[in-house]
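A short worksheet on the structure shown next.
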Amino acid sequence: MSSRALNDDEVLSEMNKMVAFIKQEALEKAREIRVKADEEFAIEKAKLVKQEQQAIDAQFEKKRKGAEVAQKIAQSTITNKSRLKLLHKREEILQHIFSSVREPSTPLYKMVDRYEQFLEGTLTESFLYILEPSVGIYSRESDVDIVNRAAANAAKAYKDISGRNIEFEVEGSIPDDSSQGGVKLVSGTGRITLDNTMEERLRLLEDKMLPEIRKVLFGNNENRKFFT
């Protein structure tokens with residue numbers, strides 16, 4: 001079978017077909033590229049939006065936590081200030097009570113009979129604690145006479161209890177304006193010293209009674225696990 005050469009019209013027709021085919025292929029390829037590009041753009045856009053949203057969320061969370069911390073600090077500061085103010089007020093009340101006891105409107109030494117009885121009991125206890133044949137007694141300048149009387153009676157009581165004699169010497173070496181009364185004692189050997197002045201006895205009583213006084217006045221402290 002012999003082939004025939006294409007005439008000009010046929011060649012033009014074939015070329016048009018080829019051009020149309022190439023154009024269609026190009027359009028299809030362009031469409032695929034555009035779809036793929038749109039998909040990649042959408043994915044990248046969603047990724048960027050998500051990253052930006054996460055950054056905004058993280059920033060918001062950071063600010064929220066910062067605000068919470070600032071609020072807690074402010075609350076803690078207010079609580080601590082209130083607590084310190086309350087403690088200061090309580091301390092003022094306690095000091096007022098102790099001051100009233102330390103400096104009563106009518107000191108014990110002005111109630112002569114009661115004061116002598118107090119001195120006699122205190123000296124008897126002191127003699128029994130020291131248990132030596134001699135002792136030095138130091139009193140307020142104006143208490144020398146009443147202390148001598150109380151010491152004489154205390155020496156008798158001491159002998160009745162212990163069967164021993166005790167010698168004493170009273171010296172008014174404590175200034176009147178520095179003490180509410182009482183005595184200090186030093187054993188004859190100098191080994192034992194006792195401070196039984198009103199100030200020292202009240203100080204010891206304050207230390208011992210302070211927890212109980214706090215409880216009576218202010219109730220139990222919820223911040224303390226143990227009470228004394």
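Residues are named by chain letter and number: chains run A, B, ... in the order of the structure tokens, numbers start at 1 in each chain, and ligands are numbered from 1 in the order shown.
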Discussion item. List the spatial neighbours of Ile137 in chain A as a ChimeraX atom specification - criterion: any atom at most 6 Å away, only C-alpha atoms, same-chain residues fewer than 2 positions off excluded.
Written reply: /A:169-170,184-185
Which of range 13-179 of chain A end up as alpha helix (DSSP H) when DSSP is run on this backbone - answer as a tab-separated table (two decimals) with N, CA, C and O atoms, in the first residue's frame?
```tsv
chain	number	residue	atom	x	y	z
A	13	SER	N	-4.56	20.87	9.18
A	13	SER	CA	-5.53	20.23	10.11
A	13	SER	C	-4.83	19.45	11.18
A	13	SER	O	-5.19	19.49	12.37
A	14	GLU	N	-3.79	18.69	10.78
A	14	GLU	CA	-3.05	17.88	11.75
A	14	GLU	C	-2.33	18.77	12.76
A	14	GLU	O	-2.27	18.47	13.95
A	15	MET	N	-1.79	19.85	12.26
A	15	MET	CA	-1.08	20.76	13.14
A	15	MET	C	-2.04	21.40	14.15
A	15	MET	O	-1.72	21.56	15.34
A	16	ASN	N	-3.23	21.72	13.65
A	16	ASN	CA	-4.23	22.29	14.56
A	16	ASN	C	-4.62	21.30	15.65
A	16	ASN	O	-4.84	21.67	16.82
A	17	LYS	N	-4.73	20.01	15.24
A	17	LYS	CA	-5.05	18.97	16.22
A	17	LYS	C	-3.95	18.86	17.27
A	17	LYS	O	-4.22	18.72	18.49
A	18	MET	N	-2.70	18.89	16.80
A	18	MET	CA	-1.57	18.78	17.73
A	18	MET	C	-1.53	19.98	18.68
A	18	MET	O	-1.31	19.83	19.88
A	19	VAL	N	-1.78	21.17	18.13
A	19	VAL	CA	-1.78	22.37	18.95
A	19	VAL	C	-2.89	22.31	20.00
A	19	VAL	O	-2.71	22.65	21.18
A	20	ALA	N	-4.07	21.85	19.55
A	20	ALA	CA	-5.19	21.73	20.48
A	20	ALA	C	-4.89	20.73	21.58
A	20	ALA	O	-5.21	20.94	22.76
A	21	PHE	N	-4.22	19.62	21.21
A	21	PHE	CA	-3.86	18.59	22.19
A	21	PHE	C	-2.87	19.14	23.21
A	21	PHE	O	-3.01	18.96	24.41
A	22	ILE	N	-1.83	19.81	22.66
A	22	ILE	CA	-0.80	20.39	23.56
A	22	ILE	C	-1.42	21.43	24.48
A	22	ILE	O	-1.12	21.52	25.67
A	23	LYS	N	-2.32	22.26	23.89
A	23	LYS	CA	-2.98	23.29	24.68
A	23	LYS	C	-3.82	22.67	25.80
A	23	LYS	O	-3.80	23.13	26.95
A	24	GLN	N	-4.54	21.57	25.44
A	24	GLN	CA	-5.36	20.90	26.44
A	24	GLN	C	-4.51	20.30	27.55
A	24	GLN	O	-4.83	20.40	28.73
A	25	GLU	N	-3.38	19.69	27.13
A	25	GLU	CA	-2.46	19.12	28.11
A	25	GLU	C	-1.91	20.22	29.02
A	25	GLU	O	-1.78	20.03	30.24
A	26	ALA	N	-1.59	21.36	28.40
A	26	ALA	CA	-1.03	22.46	29.18
A	26	ALA	C	-2.06	23.00	30.17
A	26	ALA	O	-1.75	23.30	31.33
A	27	LEU	N	-3.31	23.11	29.71
A	27	LEU	CA	-4.38	23.58	30.59
A	27	LEU	C	-4.59	22.61	31.76
A	27	LEU	O	-4.79	23.03	32.91
A	28	GLU	N	-4.59	21.31	31.44
A	28	GLU	CA	-4.76	20.30	32.49
A	28	GLU	C	-3.61	20.37	33.50
A	28	GLU	O	-3.82	20.29	34.72
A	29	LYS	N	-2.41	20.53	32.97
A	29	LYS	CA	-1.23	20.60	33.85
A	29	LYS	C	-1.29	21.86	34.71
A	29	LYS	O	-1.00	21.83	35.92
A	30	ALA	N	-1.69	22.96	34.08
A	30	ALA	CA	-1.80	24.21	34.82
A	30	ALA	C	-2.84	24.10	35.91
A	30	ALA	O	-2.68	24.60	37.03
A	31	ARG	N	-3.96	23.40	35.58
A	31	ARG	CA	-5.02	23.21	36.56
A	31	ARG	C	-4.51	22.37	37.74
A	31	ARG	O	-4.79	22.68	38.90
A	32	GLU	N	-3.77	21.32	37.43
A	32	GLU	CA	-3.21	20.46	38.48
A	32	GLU	C	-2.25	21.26	39.38
A	32	GLU	O	-2.27	21.14	40.61
A	33	ILE	N	-1.41	22.07	38.69
A	33	ILE	CA	-0.44	22.86	39.46
A	33	ILE	C	-1.16	23.86	40.37
A	33	ILE	O	-0.81	24.05	41.54
A	34	ARG	N	-2.23	24.49	39.83
A	34	ARG	CA	-2.98	25.48	40.60
A	34	ARG	C	-3.69	24.83	41.79
A	34	ARG	O	-3.68	25.36	42.90
A	35	VAL	N	-4.28	23.63	41.55
A	35	VAL	CA	-4.96	22.92	42.64
A	35	VAL	C	-3.97	22.54	43.74
A	35	VAL	O	-4.22	22.72	44.94
A	36	LYS	N	-2.81	22.02	43.27
A	36	LYS	CA	-1.79	21.62	44.23
A	36	LYS	C	-1.26	22.84	45.00
A	36	LYS	O	-1.05	22.79	46.23
A	37	ALA	N	-1.06	23.94	44.30
A	37	ALA	CA	-0.58	25.16	44.93
A	37	ALA	C	-1.60	25.67	45.94
A	37	ALA	O	-1.24	26.12	47.05
A	38	ASP	N	-2.89	25.61	45.52
A	38	ASP	CA	-3.95	26.05	46.45
A	38	ASP	C	-3.97	25.19	47.71
A	38	ASP	O	-4.14	25.69	48.83
A	39	GLU	N	-3.80	23.88	47.51
A	39	GLU	CA	-3.80	22.97	48.66
A	39	GLU	C	-2.61	23.26	49.57
A	39	GLU	O	-2.74	23.33	50.81
A	40	GLU	N	-1.42	23.44	48.97
A	40	GLU	CA	-0.22	23.73	49.77
A	40	GLU	C	-0.35	25.07	50.48
A	40	GLU	O	0.07	25.22	51.62
A	41	PHE	N	-0.96	26.03	49.76
A	41	PHE	CA	-1.17	27.35	50.38
A	41	PHE	C	-2.12	27.24	51.58
A	41	PHE	O	-1.88	27.83	52.63
A	42	ALA	N	-3.20	26.45	51.38
A	42	ALA	CA	-4.17	26.28	52.47
A	42	ALA	C	-3.53	25.59	53.67
A	42	ALA	O	-3.75	25.97	54.83
A	43	ILE	N	-2.69	24.58	53.37
A	43	ILE	CA	-2.00	23.86	54.45
A	43	ILE	C	-1.04	24.80	55.18
A	43	ILE	O	-0.99	24.84	56.41
A	44	GLU	N	-0.26	25.55	54.40
A	44	GLU	CA	0.71	26.47	54.99
A	44	GLU	C	0.00	27.56	55.78
A	44	GLU	O	0.44	27.96	56.86
A	45	LYS	N	-1.12	28.06	55.21
A	45	LYS	CA	-1.90	29.09	55.88
A	45	LYS	C	-2.43	28.58	57.22
A	45	LYS	O	-2.34	29.26	58.25
A	46	ALA	N	-3.01	27.35	57.19
A	46	ALA	CA	-3.53	26.75	58.42
A	46	ALA	C	-2.42	26.55	59.45
A	46	ALA	O	-2.61	26.78	60.65
A	47	LYS	N	-1.24	26.16	58.94
A	47	LYS	CA	-0.10	25.95	59.82
A	47	LYS	C	0.32	27.26	60.48
A	47	LYS	O	0.56	27.32	61.70
A	48	LEU	N	0.41	28.32	59.68
A	48	LEU	CA	0.79	29.63	60.21
A	48	LEU	C	-0.25	30.16	61.19
A	48	LEU	O	0.09	30.74	62.23
A	49	VAL	N	-1.54	29.98	60.82
A	49	VAL	CA	-2.61	30.43	61.71
A	49	VAL	C	-2.54	29.69	63.04
A	49	VAL	O	-2.69	30.28	64.12
A	50	LYS	N	-2.29	28.36	62.97
A	50	LYS	CA	-2.20	27.56	64.18
A	50	LYS	C	-1.01	28.00	65.04
A	50	LYS	O	-1.13	28.13	66.27
A	51	GLN	N	0.14	28.23	64.38
A	51	GLN	CA	1.32	28.69	65.11
A	51	GLN	C	1.07	30.04	65.78
A	51	GLN	O	1.44	30.26	66.94
A	52	GLU	N	0.42	30.94	65.03
A	52	GLU	CA	0.13	32.26	65.58
A	52	GLU	C	-0.86	32.16	66.74
A	52	GLU	O	-0.71	32.85	67.75
A	53	GLN	N	-1.86	31.28	66.59
A	53	GLN	CA	-2.84	31.08	67.65
A	53	GLN	C	-2.18	30.51	68.90
A	53	GLN	O	-2.47	30.92	70.03
A	54	GLN	N	-1.26	29.55	68.68
A	54	GLN	CA	-0.54	28.96	69.81
A	54	GLN	C	0.33	30.02	70.50
A	54	GLN	O	0.42	30.04	71.73
A	55	ALA	N	0.95	30.91	69.69
A	55	ALA	CA	1.77	31.98	70.27
A	55	ALA	C	0.91	32.93	71.09
A	55	ALA	O	1.29	33.35	72.19
A	56	ILE	N	-0.27	33.26	70.54
A	56	ILE	CA	-1.20	34.14	71.25
A	56	ILE	C	-1.68	33.47	72.54
A	56	ILE	O	-1.74	34.10	73.60
A	57	ASP	N	-2.03	32.16	72.44
A	57	ASP	CA	-2.47	31.42	73.62
A	57	ASP	C	-1.38	31.38	74.69
A	57	ASP	O	-1.65	31.54	75.88
A	58	ALA	N	-0.14	31.13	74.22
A	58	ALA	CA	0.98	31.05	75.17
A	58	ALA	C	1.20	32.40	75.85
A	58	ALA	O	1.43	32.47	77.06
A	59	GLN	N	1.10	33.48	75.06
A	59	GLN	CA	1.26	34.82	75.62
A	59	GLN	C	0.15	35.13	76.62
A	59	GLN	O	0.39	35.69	77.69
A	60	PHE	N	-1.07	34.74	76.25
A	60	PHE	CA	-2.21	34.96	77.15
A	60	PHE	C	-2.04	34.16	78.43
A	60	PHE	O	-2.30	34.67	79.53
A	61	GLU	N	-1.62	32.89	78.30
A	61	GLU	CA	-1.42	32.04	79.48
A	61	GLU	C	-0.34	32.61	80.39
A	61	GLU	O	-0.46	32.60	81.62
A	62	LYS	N	0.72	33.13	79.75
A	62	LYS	CA	1.80	33.74	80.52
A	62	LYS	C	1.30	34.95	81.30
A	62	LYS	O	1.61	35.13	82.48
A	63	LYS	N	0.50	35.79	80.61
A	63	LYS	CA	-0.05	36.97	81.28
A	63	LYS	C	-1.03	36.57	82.38
A	63	LYS	O	-1.06	37.18	83.44
A	64	ARG	N	-1.82	35.51	82.10
A	64	ARG	CA	-2.79	35.05	83.10
A	64	ARG	C	-2.07	34.56	84.36
A	64	ARG	O	-2.45	34.90	85.48
A	65	LYS	N	-1.02	33.75	84.14
A	65	LYS	CA	-0.26	33.24	85.28
A	65	LYS	C	0.42	34.38	86.02
A	65	LYS	O	0.50	34.38	87.25
A	66	GLY	N	0.93	35.35	85.24
A	66	GLY	CA	1.56	36.51	85.87
A	66	GLY	C	0.57	37.28	86.73
A	66	GLY	O	0.90	37.73	87.83
A	67	ALA	N	-0.66	37.42	86.20
A	67	ALA	CA	-1.70	38.12	86.96
A	67	ALA	C	-2.07	37.34	88.21
A	67	ALA	O	-2.27	37.93	89.28
A	68	GLU	N	-2.14	35.99	88.10
A	68	GLU	CA	-2.46	35.17	89.27
A	68	GLU	C	-1.37	35.28	90.33
A	68	GLU	O	-1.66	35.40	91.52
A	69	VAL	N	-0.10	35.25	89.87
A	69	VAL	CA	1.01	35.38	90.82
A	69	VAL	C	0.98	36.74	91.50
A	69	VAL	O	1.15	36.85	92.72
A	70	ALA	N	0.73	37.80	90.70
A	70	ALA	CA	0.66	39.15	91.27
A	70	ALA	C	-0.47	39.25	92.28
A	70	ALA	O	-0.33	39.87	93.34
A	71	GLN	N	-1.62	38.60	91.96
A	71	GLN	CA	-2.75	38.63	92.87
A	71	GLN	C	-2.43	37.89	94.17
A	71	GLN	O	-2.76	38.37	95.26
A	72	LYS	N	-1.77	36.73	94.04
A	72	LYS	CA	-1.41	35.96	95.22
A	72	LYS	C	-0.42	36.73	96.09
A	72	LYS	O	-0.50	36.72	97.32
A	73	ILE	N	0.53	37.40	95.42
A	73	ILE	CA	1.52	38.19	96.17
A	73	ILE	C	0.82	39.33	96.92
A	73	ILE	O	1.10	39.60	98.09
A	74	ALA	N	-0.11	39.99	96.21
A	74	ALA	CA	-0.85	41.09	96.83
A	74	ALA	C	-1.67	40.59	98.01
A	74	ALA	O	-1.68	41.21	99.08
A	75	GLN	N	-2.36	39.45	97.84
A	75	GLN	CA	-3.15	38.88	98.93
A	75	GLN	C	-2.27	38.48	100.10
A	75	GLN	O	-2.61	38.72	101.26
A	76	SER	N	-1.10	37.87	99.77
A	76	SER	CA	-0.18	37.46	100.82
A	76	SER	C	0.35	38.67	101.58
A	76	SER	O	0.46	38.65	102.81
A	77	THR	N	0.65	39.75	100.84
A	77	THR	CA	1.15	40.97	101.47
A	77	THR	C	0.10	41.57	102.41
A	77	THR	O	0.41	41.95	103.54
A	78	ILE	N	-1.14	41.61	101.92
A	78	ILE	CA	-2.23	42.15	102.75
A	78	ILE	C	-2.43	41.28	103.99
A	78	ILE	O	-2.59	41.78	105.11
A	79	THR	N	-2.42	39.94	103.78
A	79	THR	CA	-2.60	39.01	104.91
A	79	THR	C	-1.49	39.17	105.93
A	79	THR	O	-1.75	39.22	107.15
A	80	ASN	N	-0.24	39.26	105.45
A	80	ASN	CA	0.89	39.40	106.37
A	80	ASN	C	0.83	40.73	107.13
A	80	ASN	O	1.12	40.77	108.33
A	81	LYS	N	0.45	41.80	106.42
A	81	LYS	CA	0.34	43.09	107.09
A	81	LYS	C	-0.74	43.05	108.17
A	81	LYS	O	-0.57	43.57	109.28
A	82	SER	N	-1.88	42.41	107.81
A	82	SER	CA	-2.97	42.30	108.79
A	82	SER	C	-2.54	41.46	109.97
A	82	SER	O	-2.84	41.78	111.13
A	83	ARG	N	-1.83	40.36	109.68
A	83	ARG	CA	-1.38	39.47	110.74
A	83	ARG	C	-0.39	40.18	111.66
A	83	ARG	O	-0.48	40.09	112.89
A	84	LEU	N	0.57	40.91	111.05
A	84	LEU	CA	1.54	41.65	111.86
A	84	LEU	C	0.87	42.73	112.70
A	84	LEU	O	1.24	42.95	113.85
A	85	LYS	N	-0.13	43.38	112.09
A	85	LYS	CA	-0.86	44.41	112.83
A	85	LYS	C	-1.59	43.79	114.01
A	85	LYS	O	-1.61	44.35	115.12
A	86	LEU	N	-2.20	42.61	113.77
A	86	LEU	CA	-2.92	41.92	114.85
A	86	LEU	C	-1.95	41.47	115.94
A	86	LEU	O	-2.24	41.64	117.14
A	87	LEU	N	-0.81	40.91	115.53
A	87	LEU	CA	0.18	40.46	116.52
A	87	LEU	C	0.70	41.65	117.33
A	87	LEU	O	0.91	41.53	118.54
A	88	HIS	N	0.93	42.76	116.64
A	88	HIS	CA	1.40	43.96	117.34
A	88	HIS	C	0.37	44.44	118.35
A	88	HIS	O	0.73	44.80	119.48
A	89	LYS	N	-0.89	44.41	117.96
A	89	LYS	CA	-1.96	44.83	118.87
A	89	LYS	C	-2.06	43.88	120.06
A	89	LYS	O	-2.22	44.33	121.21
A	90	ARG	N	-1.95	42.59	119.79
A	90	ARG	CA	-2.00	41.61	120.88
A	90	ARG	C	-0.83	41.82	121.84
A	90	ARG	O	-0.98	41.73	123.06
A	91	GLU	N	0.35	42.09	121.27
A	91	GLU	CA	1.52	42.31	122.11
A	91	GLU	C	1.33	43.55	122.97
A	91	GLU	O	1.73	43.58	124.14
A	92	GLU	N	0.70	44.59	122.41
A	92	GLU	CA	0.41	45.80	123.19
A	92	GLU	C	-0.51	45.48	124.36
A	92	GLU	O	-0.30	45.98	125.48
A	93	ILE	N	-1.52	44.64	124.10
A	93	ILE	CA	-2.45	44.26	125.16
A	93	ILE	C	-1.73	43.50	126.26
A	93	ILE	O	-1.91	43.77	127.46
A	94	LEU	N	-0.89	42.53	125.86
A	94	LEU	CA	-0.15	41.73	126.84
A	94	LEU	C	0.79	42.61	127.65
A	94	LEU	O	0.88	42.47	128.89
A	95	GLN	N	1.50	43.52	126.97
A	95	GLN	CA	2.44	44.39	127.67
A	95	GLN	C	1.70	45.33	128.63
A	95	GLN	O	2.21	45.66	129.70
A	96	HIS	N	0.50	45.74	128.22
A	96	HIS	CA	-0.31	46.58	129.11
A	96	HIS	C	-0.69	45.81	130.37
A	96	HIS	O	-0.64	46.36	131.49
A	97	ILE	N	-1.07	44.54	130.18
A	97	ILE	CA	-1.42	43.70	131.34
A	97	ILE	C	-0.22	43.53	132.25
A	97	ILE	O	-0.29	43.71	133.47
A	98	PHE	N	0.94	43.18	131.66
A	98	PHE	CA	2.14	42.94	132.46
A	98	PHE	C	2.60	44.23	133.14
A	98	PHE	O	3.07	44.21	134.28
A	99	SER	N	2.46	45.35	132.43
A	99	SER	CA	2.86	46.63	133.01
A	99	SER	C	1.99	46.96	134.23
A	99	SER	O	2.49	47.49	135.23
A	100	SER	N	0.70	46.63	134.11
A	100	SER	CA	-0.21	46.89	135.24
A	100	SER	C	0.19	46.05	136.45
A	100	SER	O	0.05	46.49	137.60
A	101	VAL	N	0.70	44.84	136.19
A	101	VAL	CA	1.13	43.97	137.29
A	101	VAL	C	2.46	44.45	137.86
A	101	VAL	O	2.67	44.45	139.07
A	102	ARG	N	3.38	44.87	136.95
A	102	ARG	CA	4.70	45.31	137.41
A	102	ARG	C	4.61	46.60	138.23
A	102	ARG	O	5.38	46.79	139.18
A	112	VAL	N	1.67	46.58	154.47
A	112	VAL	CA	2.75	46.10	155.33
A	112	VAL	C	2.56	44.66	155.78
A	112	VAL	O	3.48	43.82	155.67
A	113	ASP	N	1.38	44.32	156.32
A	113	ASP	CA	1.17	42.96	156.85
A	113	ASP	C	1.31	41.91	155.75
A	113	ASP	O	1.98	40.88	155.94
A	114	ARG	N	0.68	42.16	154.61
A	114	ARG	CA	0.76	41.21	153.50
A	114	ARG	C	2.18	41.12	152.95
A	114	ARG	O	2.65	40.04	152.59
A	115	TYR	N	2.85	42.25	152.91
A	115	TYR	CA	4.22	42.28	152.39
A	115	TYR	C	5.16	41.49	153.30
A	115	TYR	O	5.98	40.69	152.84
A	116	GLU	N	5.00	41.67	154.62
A	116	GLU	CA	5.85	40.93	155.56
A	116	GLU	C	5.58	39.43	155.45
A	116	GLU	O	6.50	38.61	155.52
A	117	GLN	N	4.31	39.07	155.29
A	117	GLN	CA	3.95	37.66	155.14
A	117	GLN	C	4.58	37.09	153.86
A	117	GLN	O	5.09	35.97	153.85
A	118	PHE	N	4.54	37.87	152.78
A	118	PHE	CA	5.16	37.44	151.51
A	118	PHE	C	6.66	37.25	151.69
A	118	PHE	O	7.23	36.23	151.26
A	119	LEU	N	7.31	38.20	152.35
A	119	LEU	CA	8.77	38.12	152.56
A	119	LEU	C	9.13	36.90	153.41
A	119	LEU	O	10.11	36.20	153.13
A	120	GLU	N	8.34	36.66	154.46
A	120	GLU	CA	8.62	35.52	155.34
A	120	GLU	C	8.54	34.21	154.56
A	120	GLU	O	9.40	33.33	154.68
A	121	GLY	N	7.49	34.05	153.75
A	121	GLY	CA	7.35	32.83	152.96
A	121	GLY	C	8.47	32.69	151.94
A	121	GLY	O	9.03	31.60	151.74
A	122	THR	N	8.82	33.80	151.28
A	122	THR	CA	9.88	33.78	150.27
A	122	THR	C	11.23	33.44	150.91
A	122	THR	O	12.01	32.64	150.36
A	123	LEU	N	11.51	34.02	152.03
A	123	LEU	CA	12.79	33.77	152.70
A	123	LEU	C	12.87	32.34	153.22
A	123	LEU	O	13.95	31.71	153.18
A	124	THR	N	11.76	31.81	153.74
A	124	THR	CA	11.76	30.41	154.21
A	124	THR	C	12.09	29.48	153.05
A	124	THR	O	12.93	28.56	153.18
A	125	GLU	N	11.45	29.69	151.91
A	125	GLU	CA	11.73	28.87	150.72
A	125	GLU	C	13.20	29.01	150.31
A	125	GLU	O	13.86	28.02	149.95
A	126	SER	N	13.71	30.23	150.37
A	126	SER	CA	15.10	30.48	149.96
A	126	SER	C	16.09	29.81	150.90
A	126	SER	O	17.08	29.20	150.45
A	127	PHE	N	15.85	29.88	152.21
A	127	PHE	CA	16.73	29.23	153.18
A	127	PHE	C	16.76	27.72	152.93
A	127	PHE	O	17.82	27.08	152.97
A	128	LEU	N	15.60	27.14	152.68
A	128	LEU	CA	15.52	25.70	152.44
A	128	LEU	C	16.21	25.31	151.14
A	128	LEU	O	16.74	24.19	151.01
A	129	TYR	N	16.22	26.21	150.17
A	129	TYR	CA	16.90	25.92	148.91
A	129	TYR	C	18.42	26.01	149.08
A	129	TYR	O	19.16	25.15	148.59
A	130	ILE	N	18.88	27.03	149.83
A	130	ILE	CA	20.32	27.25	149.98
A	130	ILE	C	20.94	26.22	150.92
A	130	ILE	O	22.02	25.68	150.66
A	144	VAL	N	14.65	47.43	154.96
A	144	VAL	CA	15.60	46.72	155.84
A	144	VAL	C	14.91	46.22	157.11
A	144	VAL	O	15.07	45.06	157.50
A	145	ASP	N	14.13	47.05	157.77
A	145	ASP	CA	13.51	46.65	159.04
A	145	ASP	C	12.50	45.53	158.82
A	145	ASP	O	12.50	44.52	159.57
A	146	ILE	N	11.61	45.67	157.85
A	146	ILE	CA	10.59	44.65	157.63
A	146	ILE	C	11.22	43.34	157.15
A	146	ILE	O	10.76	42.25	157.51
A	147	VAL	N	12.32	43.44	156.40
A	147	VAL	CA	13.01	42.22	155.95
A	147	VAL	C	13.69	41.54	157.13
A	147	VAL	O	13.69	40.30	157.22
A	148	ASN	N	14.24	42.31	158.04
A	148	ASN	CA	14.85	41.72	159.24
A	148	ASN	C	13.81	40.94	160.05
A	148	ASN	O	14.08	39.83	160.52
A	149	ARG	N	12.62	41.52	160.21
A	149	ARG	CA	11.56	40.83	160.96
A	149	ARG	C	11.13	39.54	160.22
A	149	ARG	O	10.99	38.48	160.84
A	150	ALA	N	10.94	39.68	158.92
A	150	ALA	CA	10.50	38.51	158.14
A	150	ALA	C	11.57	37.43	158.14
A	150	ALA	O	11.27	36.24	158.24
A	151	ALA	N	12.85	37.83	158.07
A	151	ALA	CA	13.95	36.87	158.05
A	151	ALA	C	14.07	36.13	159.38
A	151	ALA	O	14.37	34.92	159.43
A	152	ALA	N	13.82	36.84	160.48
A	152	ALA	CA	13.87	36.20	161.80
A	152	ALA	C	12.79	35.12	161.91
A	152	ALA	O	13.05	34.01	162.39
A	153	ASN	N	11.59	35.44	161.46
A	153	ASN	CA	10.51	34.45	161.49
A	153	ASN	C	10.80	33.30	160.52
A	153	ASN	O	10.49	32.14	160.80
A	154	ALA	N	11.40	33.64	159.36
A	154	ALA	CA	11.72	32.60	158.37
A	154	ALA	C	12.80	31.67	158.90
A	154	ALA	O	12.77	30.46	158.65
A	155	ALA	N	13.76	32.23	159.69
A	155	ALA	CA	14.82	31.40	160.27
A	155	ALA	C	14.24	30.40	161.26
A	155	ALA	O	14.68	29.23	161.34
A	156	LYS	N	13.22	30.83	162.03
A	156	LYS	CA	12.55	29.91	162.97
A	156	LYS	C	11.82	28.81	162.20
A	156	LYS	O	11.89	27.62	162.55
A	157	ALA	N	11.10	29.19	161.16
A	157	ALA	CA	10.39	28.20	160.36
A	157	ALA	C	11.37	27.24	159.71
A	157	ALA	O	11.12	26.02	159.62
A	158	TYR	N	12.50	27.77	159.27
A	158	TYR	CA	13.54	26.95	158.65
A	158	TYR	C	14.07	25.90	159.63
A	158	TYR	O	14.26	24.73	159.27
A	159	LYS	N	14.30	26.33	160.89
A	159	LYS	CA	14.81	25.39	161.89
A	159	LYS	C	13.76	24.33	162.21
A	159	LYS	O	14.09	23.15	162.40
A	160	ASP	N	12.48	24.73	162.29
A	160	ASP	CA	11.41	23.77	162.57
A	160	ASP	C	11.34	22.69	161.48
A	160	ASP	O	11.07	21.52	161.75
A	161	ILE	N	11.58	23.11	160.24
A	161	ILE	CA	11.48	22.17	159.11
A	161	ILE	C	12.74	21.35	158.94
A	161	ILE	O	12.68	20.12	158.77
A	162	SER	N	13.92	22.01	159.01
A	162	SER	CA	15.19	21.32	158.68
A	162	SER	C	15.99	20.90	159.91
A	162	SER	O	16.89	20.05	159.80
```
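Between Ser178 in chain A and the residues A:Ala5, A:Leu12, A:Val135, A:Met198, the shortest atom-to-atom distance, using only C-alpha atoms, involves A:Met198.
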Item to complete: Could you give me, as a list in words, each residue of range 144-182 of chain A that DSSP assigns to strand (DSSP E or B) when run on this structure's backbone?
Response: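 Of range 144-182 of chain A, only Glu167, Phe168, Glu169, Val170, Glu171, Gly172, Ser173, Ile174 and Gly182 of chain A fall in strand (DSSP E or B).
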Worksheet item: Which is closest to Gly172 in chain A among A:Leu131, A:Ser139, A:Asp195, A:Leu205, if we use only C-alpha atoms?
Response: A:Ser139
Item to complete: Would you mind reading off the distance between CA of Gly182 in chain A and CA of Glu206 in chain A, one decimal, in Å?
Response: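 For CA of Gly182 in chain A relative to CA of Glu206 in chain A, the distance reads 16.8 Å.
If you measure from each of A:Thr193, A:Asn220, A:Ser134, A:Ser142 to Gly181 in chain A using only C-alpha atoms, the closest one turns out to be A:Ser142.
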Practice prompt. Could you check how far CA of Tyr109 in chain A sits from CA of Pro211 in chain A, in Å to one decimal?
Written response: 28.7 Å
